[in-house]
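Inspection log for the structure reproduced underneath, given as structure tokens.
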Amino acid sequence: MKRVFSGVQPSGVLHLGNYFGAIRRFVDFQDGYDCYYCIVDLHAITVYQDPKELPKQIQDTALYYLAAGLDPKKTTLFVQSDVPCHAELSWILECVATFGELSRMTQFKDKAEGKESVSAGLFTYPVLMAADILLYDTDIVPVGEDQKQHVELCRDLAERFNSRYGETFKMPEPFIPQFGSRIKSLQDPNKKMSKSDPDPNSYISLDDPKDEIVKKIRRAVTDSGREIIYLPEEKPAIANLMTIYALCTGKSLPEIEQHFSGKGYADFKKDLADVVIQELMPVQERYKDYRNSGDLPHILREGAVKANQVSSGVLKRAKERLGLSLLIDPTQRKF
Ligand code: ATP
Ligand code: LTN
């Protein structure tokens with residue numbers, strides 16, 4: 001069976017971009033692939049996280065994975081910091097990555113821009129991501145468009161390591177769907193919808209109540225004119241809203257254009273709010289059910305034990321190739 005790996009940071013409430021660009025897609029792979037989905041808390045602490053809030057954010061991210069439809073019987077769900085091999089392989093790969101290539105990462109440039117001081121972890125963030133992926137002999141990495149450059153770096157590091165030390169890592173492929181892999185901000189269609197956006201009107205959170213969803217969609221910026229027509233270059237705001245409509249309903253863009261022909265933005269936004277609510281209400285119900293069931297610690301513990309078994313074998317392989325000490329065998333650690 002081919003293996004799939006992906007991760008989401010527990011750095012705040014998940015939004016529609018994370019849902020359509022990542023976690024809803026994760027569900028598509030769970031039948032027929034061996035899936036590992038991780039809550040990447042070590043990535044989240046590259047920027048300050050309140051230690052009182054972080055445990056809840058980790059738990060919530062896991063609950064939303066489940067609420068989106070991931071079945072813990074079919075997939076391995078775990079928290080990154082419960083599996084020590086991630087930080088260990090990350091250090092090894094930092095010794096293979098170059099300062100120059102990390103300096104070219106656009107996410108780092110965006111996140112560091114205008115800041116007086118940023119953590120060294122924010123700079124080496126993509127190396128930890130490469131370690132996450134390579135530790136599972138991953139074939140496929142489903143991510144949103146913004147992570148493409150990081151998956152390419154991961155491939156470069158794997159190739160460099162393999163040619164320097166001998167065949168060790170499997171070469172992963174990114175899976176970035178054509179449609180919905182970059183949902184835009186509701187307030188500025190030139191920016192991606194993001195958890196770290198200070199304006200909450202720019203995103204719809206997975207836990208937004210119905211009236212909030214209606215309000216945010218009503219306030220969403222639109223383009224000049226009044227036609228519901230998909231022209232991403234000329235009318236990026238309405239194209240983004242149509243993308244969300246298409247993802248919620250499964251309708252094609254021409255079908256949506258036809259359905260709203262002769263109608264204006266107000267009618268379209270009203271219907272859009274309805275279809276978003278229809279998509280999110282069952283997710284919110286399942287979130288509550290999983291939270292009340294109390295099953296989560298058990299699911300994450302089982303996931304961490306399995307993730308440790310697989311990743312420790314790959315870490316051992318890498319340490320052997322490098323000639324590092326193996327007096328303590330990573331595969332013999334007890335969890
Ligand atoms: P931040 O914006 O604070 O950096 P984020 O919202 O991008 O965070 P991540 O945890 O970094 O969240 O991303 C989780 C997954 O969601 C990744 O696969 C990422 O590509 C995807 N994703 C994030 N934002 C969007 C978006 N606007 N459209 C589609 N996919 C997205
Ligand atoms: N950097 C990713 C989150 C992430 C990830 C991964 C995604 C960390 N490790 C491994 C896929 C595979 C992001 O979405 N910001």
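Each chain in the structure tokens gets a letter, A, B and so on, in the order shown; residues start at 1 in every chain, and ligands are counted from 1 in the order they appear.
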
Skipping near chain neighbours, those fewer than 3 positions away, what residues fall within 8 Å of segment 133-136 of chain A using only C-alpha atoms, listed as a PDB file with C-alpha atoms, in the first residue's frame?
```
ATOM      1  CA  ARG A   3       1.938   5.693   2.138  1.00  0.00           C
ATOM      2  CA  PHE A   5       1.796  11.730   5.224  1.00  0.00           C
ATOM      3  CA  SER A   6       0.613  15.228   6.045  1.00  0.00           C
ATOM      4  CA  CYS A  85      12.615  10.748  15.866  1.00  0.00           C
ATOM      5  CA  HIS A  86      11.206  13.893  14.195  1.00  0.00           C
ATOM      6  CA  LEU A  89      16.193  13.476  11.976  1.00  0.00           C
ATOM      7  CA  MET A 129       8.916  19.240   7.701  1.00  0.00           C
ATOM      8  CA  ALA A 130      11.279  17.216   5.473  1.00  0.00           C
ATOM      9  CA  VAL A 141       2.091  14.422   0.589  1.00  0.00           C
ATOM     10  CA  CYS A 154      12.325  17.831   1.083  1.00  0.00           C
ATOM     11  CA  ALA A 158      16.497  13.304   0.279  1.00  0.00           C
ATOM     12  CA  PHE A 169      15.129   7.857   1.848  1.00  0.00           C
ATOM     13  CA  LYS A 170      12.169   7.280  -0.420  1.00  0.00           C
ATOM     14  CA  MET A 171      11.314  10.141  -2.794  1.00  0.00           C
ATOM     15  CA  PRO A 172       7.913  11.677  -1.922  1.00  0.00           C
ATOM     16  CA  VAL A 310       7.835   3.120  11.751  1.00  0.00           C
ATOM     17  CA  SER A 311       9.930   6.271  12.169  1.00  0.00           C
ATOM     18  CA  SER A 312      12.535   4.687  14.453  1.00  0.00           C
ATOM     19  CA  VAL A 314      14.005   4.903   9.214  1.00  0.00           C
ATOM     20  CA  LEU A 315      16.013   6.971  11.716  1.00  0.00           C
TER      21      LEU A 315
END
```

Proximity check segment 5-110 of chain A to segment 203-222 of chain A, 6 Å, nearest pairs one decimal Å, only C-alpha atoms, as a Markdown table:
```
| residue | atom | partner | partner_atom | distance |
| --- | --- | --- | --- | --- |
| A:Leu14 | CA | A:Ser205 | CA | 5.7 |
| A:His15 | CA | A:Ser205 | CA | 4.1 |
| A:Leu16 | CA | A:Ile204 | CA | 5.8 |
```

Which residues are near ligand 2 in this structure, taking near to mean any atom at most 10 Å from a ligand atom and counting only C-alpha atoms and all ligand atoms? Format them as a ChimeraX atom specification.
/A:4-11,18,21-22,36-44,80,86,107,125-134,138,140-148,150-151,154,174-175

Pick from A:Val305, A:Asp188, A:Thr243, A:Thr168 nearest to Asp137 of chain A, counting only C-alpha atoms
A:Thr168

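Among A:Lys56, A:Lys192, A:His259, A:Arg291, the residue with the shortest atom-to-atom distance to ligand 1, counting only C-alpha atoms and all ligand atoms, is A:Lys192.
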
Between A:Lys111, A:Arg301, A:Lys263, A:Lys235, which one has atoms that come closest to ligand 1, using only C-alpha atoms and all ligand atoms?
A:Lys111
